[in-house]
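To start, the structure itself, in structure tokens.
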Amino acid sequence: MKRRSPAWWLLTIPGLLAGCVSRNNMSALDPQGPVGKTQLNLIYLSTAIMAFVVIVVAVIYIYVVTRYRERPGDEKKGIPEQISGSKKLEILWTVIPVILLVILAVPTITTTFRLEERPDPAETIRVNVTGYQYWWAFKYPDLRVTTANEVHIPTGKKVEFNMTSQDVVHAFWVPSLGGKLDLNPGRNTRLVLQADRPGVYEGKCTELCGASHALMNFRVIAHRPADFDRWVASRQKPDSTAKTAEAREGKRLVGQNCIGCHAVRGAGFQVEGTTAPELTGFSQRTRVAGIMENNRKNVTDWLKNPQGLKPGNRMPAFDHLSEKQLRAIVKYLEDLK
Ligand code: HEC
Ligand SMILES: [Cu+2]
């Protein structure tokens, strides 16, 4: 059997990777804000230095191999001149890498420290992020707003994410805006990001955190500043009234079954659960549990079988409720604006 050369594989890899080009704003190579751009510049710099070294070494290698290959009659000339211990060469190939490393280190270190700097609080939106297996809580301490799995930000403004974890180590990554950073239980970490243009930027947990790690998704939704202010105002006064008799029945069932874990602000429930995503304004969420489009069918599927959709998550199934009861609950969730 004929063996394919490694070169064949080398040519295949870029082809396969090209298939990974993102359809949904998830490329660190296409940054949508100043932090991502700064980080990309560092990637370019290190890649350029690497490419330079590879090319120079390859050229010298090919030249030496062809120019000094063994030719008929060479054996009579004896051993060629040896360069081992040559001071000149030793110094040369020590100094060149040192220079290259300095060229890489100076911008890397200054950028790292600059990105660590705390931005002016008056110019910054603060968001407290808590990671849970397998969802994200977002709290705006200055705005008295809480959301889950979808964090809204204004464009052109620095956003300071103060992060911690409720259970295991998670990591926060929005490839097109920059990152990434760990969320550790009992400790705070800070990441500052900014979006230049309105849009939806997909985020992921990038620290293996359990069975549904790969489904621990979130969205950063960037609005023009005026639209962001409108969003904040609507979140500060959420509409949690059940509008129909069916939704009122749903509300009753939610109070009975869900409120120990979940909270719905402004609805008059006695408790506000904190171990599950806040459902206040749930109908405004674009997705269910960060993984499916927010529509009637998907919400119903989620209630019946959350473990099938997101293995190992902390929500029990409600398949013992009747179709009618589930429909009432879904109706109520649709009224939460
Ligand atoms: C034992 C606690 C618990 C109970 C009871 C519970 N849930 Fe949940 N629920 C969770 C957790 C935890 C999650 C997050 C799962 C994940 O994504 O990892 C969740 C997620 C959800 C989501 C998706 C939220 C989002 O932000 O996308 C909805 C909708 C939901 N639950 C509705 C309900 C309803 C309706 C009930 C009552 C019939 C209910 N839950 C009962 C714990 C609970
Ligand atoms: Cu995680």
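If you're wondering about the labels, chains in the structure tokens are A, B, ... by order shown, residues count from 1 in each chain, ligands from 1 in order shown.
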Can you list, as number ranges by chain, every residue of stretch 6-176 of chain A that DSSP puts in alpha helix (DSSP H)? A: 6-18, 34-67, 74-77, 87-116
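Those residues that approach stretch 256-269 of chain A to within 7 Å, counting only C-alpha atoms, are A:Pro238, A:Ser240, A:Thr241, A:Arg252, A:Leu253, A:Glu272, A:Gly273, A:Thr274, A:Thr275, A:Ala276, A:Pro277, A:Glu278, A:Leu279, A:Thr280; same-chain residues fewer than 3 positions away are not listed.
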Among the residues A:Leu92, A:Met216, A:Leu115, A:Ile43, the one that comes closest to ligand 2 [using only C-alpha atoms and all ligand atoms]: A:Met216
Neighbour list for A:Arg126 as a JSON list (two decimals) with N, CA, C and O atoms, in the first residue's frame, cut-off 7 Å, only C-alpha atoms, skip fewer than 3 positions in-chain:
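Contents of the output file around-v2.json:
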```json
[["chain", "number", "residue", "atom", "x", "y", "z"],
["A", 140, "TYR", "N", -25.97, 43.99, 37.45],
["A", 140, "TYR", "CA", -25.43, 45.34, 37.27],
["A", 140, "TYR", "C", -25.59, 46.05, 38.61],
["A", 140, "TYR", "O", -26.68, 46.54, 38.90],
["A", 141, "PRO", "N", -24.53, 46.10, 39.43],
["A", 141, "PRO", "CA", -24.70, 46.61, 40.80],
["A", 141, "PRO", "C", -25.14, 48.08, 40.83],
["A", 141, "PRO", "O", -25.84, 48.48, 41.75],
["A", 159, "VAL", "N", -16.67, 48.07, 29.66],
["A", 159, "VAL", "CA", -17.52, 47.30, 30.56],
["A", 159, "VAL", "C", -16.59, 46.47, 31.44],
["A", 159, "VAL", "O", -15.75, 45.72, 30.95],
["A", 160, "GLU", "N", -16.76, 46.65, 32.75],
["A", 160, "GLU", "CA", -15.91, 45.93, 33.69],
["A", 160, "GLU", "C", -16.67, 44.72, 34.21],
["A", 160, "GLU", "O", -17.67, 44.86, 34.90],
["A", 161, "PHE", "N", -16.20, 43.52, 33.85],
["A", 161, "PHE", "CA", -16.82, 42.29, 34.31],
["A", 161, "PHE", "C", -16.06, 41.82, 35.56],
["A", 161, "PHE", "O", -14.88, 41.50, 35.47]]
```
Which residue, A:Leu177, A:Ala171, A:Ala148, A:Ala247, has the smallest gap to ligand 1 when you use only C-alpha atoms and all ligand atoms?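 Smallest separation from ligand 1 among the options: A:Ala148.
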Expected answer as a ChimeraX atom specification: residues within 6 Å of ligand 2, only C-alpha atoms and all ligand atoms: /A:134,170,205,207,209,213,216
Nearest to ligand 1 by atom-to-atom distance, counting only C-alpha atoms and all ligand atoms, from A:Gln133, A:Asn188, A:Thr164, A:Asn217: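 That would be A:Gln133, the residue with the smallest distance to ligand 1.
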Atom pair atom CA of A:Ser46 / atom CA of A:Gly203: separation (Å):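 So the two atoms, atom CA of A:Ser46 and atom CA of A:Gly203, lie 25.0 Å apart.
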Would you list the contacts of A:Arg118 as a PyMOL selection string, taking every protein, DNA or RNA residue within 10 Å and counting only C-alpha atoms, but skipping same-chain residues closer than 6 positions in sequence? chain A and resi 124+160+190-192
For A:Val299, list every protein, DNA or RNA residue within 12 Å, evaluated using only C-alpha atoms, and leave out those in the same chain fewer than 3 positions away; present the list as a ChimeraX atom specification. /A:282-283,285-296,302-306,309,318,326-334
Hey, can you spit out that residue selection with N, CA and C atoms as a PDB file, in the first residue's frame?
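What landed in again_6.pdb:
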```
ATOM      1  N   PHE A 282     -38.323  37.125  31.142  1.00  0.00           N
ATOM      2  CA  PHE A 282     -37.828  35.971  30.371  1.00  0.00           C
ATOM      3  C   PHE A 282     -38.199  36.026  28.885  1.00  0.00           C
ATOM      4  N   SER A 283     -39.370  36.577  28.551  1.00  0.00           N
ATOM      5  CA  SER A 283     -39.767  36.573  27.136  1.00  0.00           C
ATOM      6  C   SER A 283     -38.853  37.461  26.282  1.00  0.00           C
ATOM      7  N   ARG A 285     -35.606  37.316  26.547  1.00  0.00           N
ATOM      8  CA  ARG A 285     -34.405  36.514  26.324  1.00  0.00           C
ATOM      9  C   ARG A 285     -34.454  35.926  24.920  1.00  0.00           C
ATOM     10  N   THR A 286     -33.310  35.891  24.208  1.00  0.00           N
ATOM     11  CA  THR A 286     -33.341  35.339  22.852  1.00  0.00           C
ATOM     12  C   THR A 286     -33.235  33.817  22.862  1.00  0.00           C
ATOM     13  N   ARG A 287     -32.685  33.256  23.954  1.00  0.00           N
ATOM     14  CA  ARG A 287     -32.521  31.805  23.975  1.00  0.00           C
ATOM     15  C   ARG A 287     -32.980  31.213  25.307  1.00  0.00           C
ATOM     16  N   VAL A 288     -33.212  29.925  25.285  1.00  0.00           N
ATOM     17  CA  VAL A 288     -33.551  29.179  26.494  1.00  0.00           C
ATOM     18  C   VAL A 288     -32.283  28.456  26.959  1.00  0.00           C
ATOM     19  N   ALA A 289     -31.896  28.709  28.198  1.00  0.00           N
ATOM     20  CA  ALA A 289     -30.723  28.068  28.804  1.00  0.00           C
ATOM     21  C   ALA A 289     -29.450  28.275  27.976  1.00  0.00           C
ATOM     22  N   GLY A 290     -29.452  29.286  27.150  1.00  0.00           N
ATOM     23  CA  GLY A 290     -28.260  29.583  26.352  1.00  0.00           C
ATOM     24  C   GLY A 290     -28.051  28.670  25.163  1.00  0.00           C
ATOM     25  N   ILE A 291     -28.980  27.716  24.935  1.00  0.00           N
ATOM     26  CA  ILE A 291     -28.701  26.730  23.880  1.00  0.00           C
ATOM     27  C   ILE A 291     -29.751  26.648  22.781  1.00  0.00           C
ATOM     28  N   MET A 292     -30.994  27.134  23.067  1.00  0.00           N
ATOM     29  CA  MET A 292     -32.041  26.985  22.047  1.00  0.00           C
ATOM     30  C   MET A 292     -32.773  28.303  21.888  1.00  0.00           C
ATOM     31  N   GLU A 293     -33.284  28.508  20.698  1.00  0.00           N
ATOM     32  CA  GLU A 293     -34.080  29.707  20.458  1.00  0.00           C
ATOM     33  C   GLU A 293     -35.239  29.753  21.460  1.00  0.00           C
ATOM     34  N   ASN A 294     -35.559  30.960  21.932  1.00  0.00           N
ATOM     35  CA  ASN A 294     -36.643  31.086  22.914  1.00  0.00           C
ATOM     36  C   ASN A 294     -38.003  31.090  22.214  1.00  0.00           C
ATOM     37  N   ASN A 295     -38.606  29.923  22.119  1.00  0.00           N
ATOM     38  CA  ASN A 295     -39.970  29.848  21.589  1.00  0.00           C
ATOM     39  C   ASN A 295     -40.760  28.830  22.405  1.00  0.00           C
ATOM     40  N   ARG A 296     -42.067  28.771  22.133  1.00  0.00           N
ATOM     41  CA  ARG A 296     -42.978  27.969  22.948  1.00  0.00           C
ATOM     42  C   ARG A 296     -42.545  26.504  23.017  1.00  0.00           C
ATOM     43  N   TRP A 302     -37.829  22.121  27.304  1.00  0.00           N
ATOM     44  CA  TRP A 302     -36.910  22.333  28.433  1.00  0.00           C
ATOM     45  C   TRP A 302     -37.563  21.917  29.759  1.00  0.00           C
ATOM     46  N   LEU A 303     -38.823  22.317  29.947  1.00  0.00           N
ATOM     47  CA  LEU A 303     -39.494  21.987  31.207  1.00  0.00           C
ATOM     48  C   LEU A 303     -39.669  20.480  31.367  1.00  0.00           C
ATOM     49  N   LYS A 304     -39.916  19.792  30.239  1.00  0.00           N
ATOM     50  CA  LYS A 304     -40.156  18.362  30.320  1.00  0.00           C
ATOM     51  C   LYS A 304     -38.863  17.580  30.517  1.00  0.00           C
ATOM     52  N   ASN A 305     -37.775  18.080  29.933  1.00  0.00           N
ATOM     53  CA  ASN A 305     -36.569  17.257  29.914  1.00  0.00           C
ATOM     54  C   ASN A 305     -35.291  18.090  29.935  1.00  0.00           C
ATOM     55  N   PRO A 306     -35.076  18.861  30.984  1.00  0.00           N
ATOM     56  CA  PRO A 306     -33.855  19.681  31.011  1.00  0.00           C
ATOM     57  C   PRO A 306     -32.589  18.822  31.018  1.00  0.00           C
ATOM     58  N   LEU A 309     -31.497  17.822  27.568  1.00  0.00           N
ATOM     59  CA  LEU A 309     -30.986  18.909  26.743  1.00  0.00           C
ATOM     60  C   LEU A 309     -29.647  19.434  27.247  1.00  0.00           C
ATOM     61  N   PHE A 318     -40.045  18.472  34.731  1.00  0.00           N
ATOM     62  CA  PHE A 318     -41.444  18.656  35.135  1.00  0.00           C
ATOM     63  C   PHE A 318     -42.373  17.880  34.223  1.00  0.00           C
ATOM     64  N   LEU A 326     -48.389  22.657  31.671  1.00  0.00           N
ATOM     65  CA  LEU A 326     -47.160  23.152  31.041  1.00  0.00           C
ATOM     66  C   LEU A 326     -47.476  24.341  30.140  1.00  0.00           C
ATOM     67  N   ARG A 327     -48.610  24.225  29.399  1.00  0.00           N
ATOM     68  CA  ARG A 327     -48.973  25.309  28.487  1.00  0.00           C
ATOM     69  C   ARG A 327     -49.247  26.590  29.283  1.00  0.00           C
ATOM     70  N   ALA A 328     -49.877  26.440  30.430  1.00  0.00           N
ATOM     71  CA  ALA A 328     -50.165  27.618  31.253  1.00  0.00           C
ATOM     72  C   ALA A 328     -48.874  28.266  31.747  1.00  0.00           C
ATOM     73  N   ILE A 329     -47.921  27.426  32.158  1.00  0.00           N
ATOM     74  CA  ILE A 329     -46.636  27.960  32.627  1.00  0.00           C
ATOM     75  C   ILE A 329     -45.940  28.725  31.493  1.00  0.00           C
ATOM     76  N   VAL A 330     -45.934  28.097  30.311  1.00  0.00           N
ATOM     77  CA  VAL A 330     -45.275  28.744  29.163  1.00  0.00           C
ATOM     78  C   VAL A 330     -45.952  30.079  28.839  1.00  0.00           C
ATOM     79  N   LYS A 331     -47.276  30.106  28.914  1.00  0.00           N
ATOM     80  CA  LYS A 331     -48.019  31.357  28.676  1.00  0.00           C
ATOM     81  C   LYS A 331     -47.578  32.433  29.666  1.00  0.00           C
ATOM     82  N   TYR A 332     -47.430  32.013  30.941  1.00  0.00           N
ATOM     83  CA  TYR A 332     -47.010  32.989  31.938  1.00  0.00           C
ATOM     84  C   TYR A 332     -45.609  33.514  31.618  1.00  0.00           C
ATOM     85  N   LEU A 333     -44.697  32.595  31.254  1.00  0.00           N
ATOM     86  CA  LEU A 333     -43.331  33.035  30.922  1.00  0.00           C
ATOM     87  C   LEU A 333     -43.347  34.012  29.753  1.00  0.00           C
ATOM     88  N   GLU A 334     -44.296  33.800  28.834  1.00  0.00           N
ATOM     89  CA  GLU A 334     -44.383  34.703  27.674  1.00  0.00           C
ATOM     90  C   GLU A 334     -44.846  36.101  28.071  1.00  0.00           C
TER      91      GLU A 334
END
```
When you count only C-alpha atoms and all ligand atoms, which of these residues is closest to ligand 1: A:Asn184, A:Thr147, A:Gln82, A:Gln166?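 Looking only at the distances to ligand 1, the closest residue turns out to be A:Thr147.
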Can you tell me which residues surround A:Arg235 at a distance of at most 10 Å, considering only C-alpha atoms, apart from same-chain residues fewer than 6 positions away, and format the answer as a PyMOL selection string? chain A and resi 143-147+229+265+280-281+284+337
Using DSSP assignments from the backbone, pull out every residue in stretch 44-260 of chain A that falls under strand (DSSP E or B) and give it to me as number ranges by chain. A: 124-132, 135-140, 145-148, 150-154, 158-165, 170-174, 178-183, 185, 189-193, 199-205, 217-223
Which is closest to A:Ile109 among A:Leu42, A:Val254, A:Ile79, A:Ile221, if we use only C-alpha atoms?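 Smallest separation from A:Ile109 among the options: A:Leu42.
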For each of A:Gln32, A:Gln194, A:Gln270, A:Thr206, take the minimum atom-to-atom distance to A:Thr155, counting only C-alpha atoms, then give the residue where this is smallest.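 Smallest separation from A:Thr155 among the options: A:Gln194.
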Atom CA of A:Gly255 and atom 21 (C, counted along the ligand's line) of ligand 1 are how many Å apart?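 Atom 21 (C, counted along the ligand's line) of ligand 1 lies at a distance of 14.2 Å from atom CA of A:Gly255.
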I'd like the interatomic distance between atom 43 (C, counted along the ligand's line) of ligand 1 and atom CA of A:Leu183, to a tenth of an Å.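 Value for the atom 43 (C, counted along the ligand's line) of ligand 1-atom CA of A:Leu183 distance: 22.0 Å.
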Extract, using only C-alpha atoms, all DNA, RNA and protein residues at most 7 Å from A:Gly312, discarding same-chain residues fewer than 5 positions from it, and format them as a PyMOL selection string. chain A and resi 211-212+307
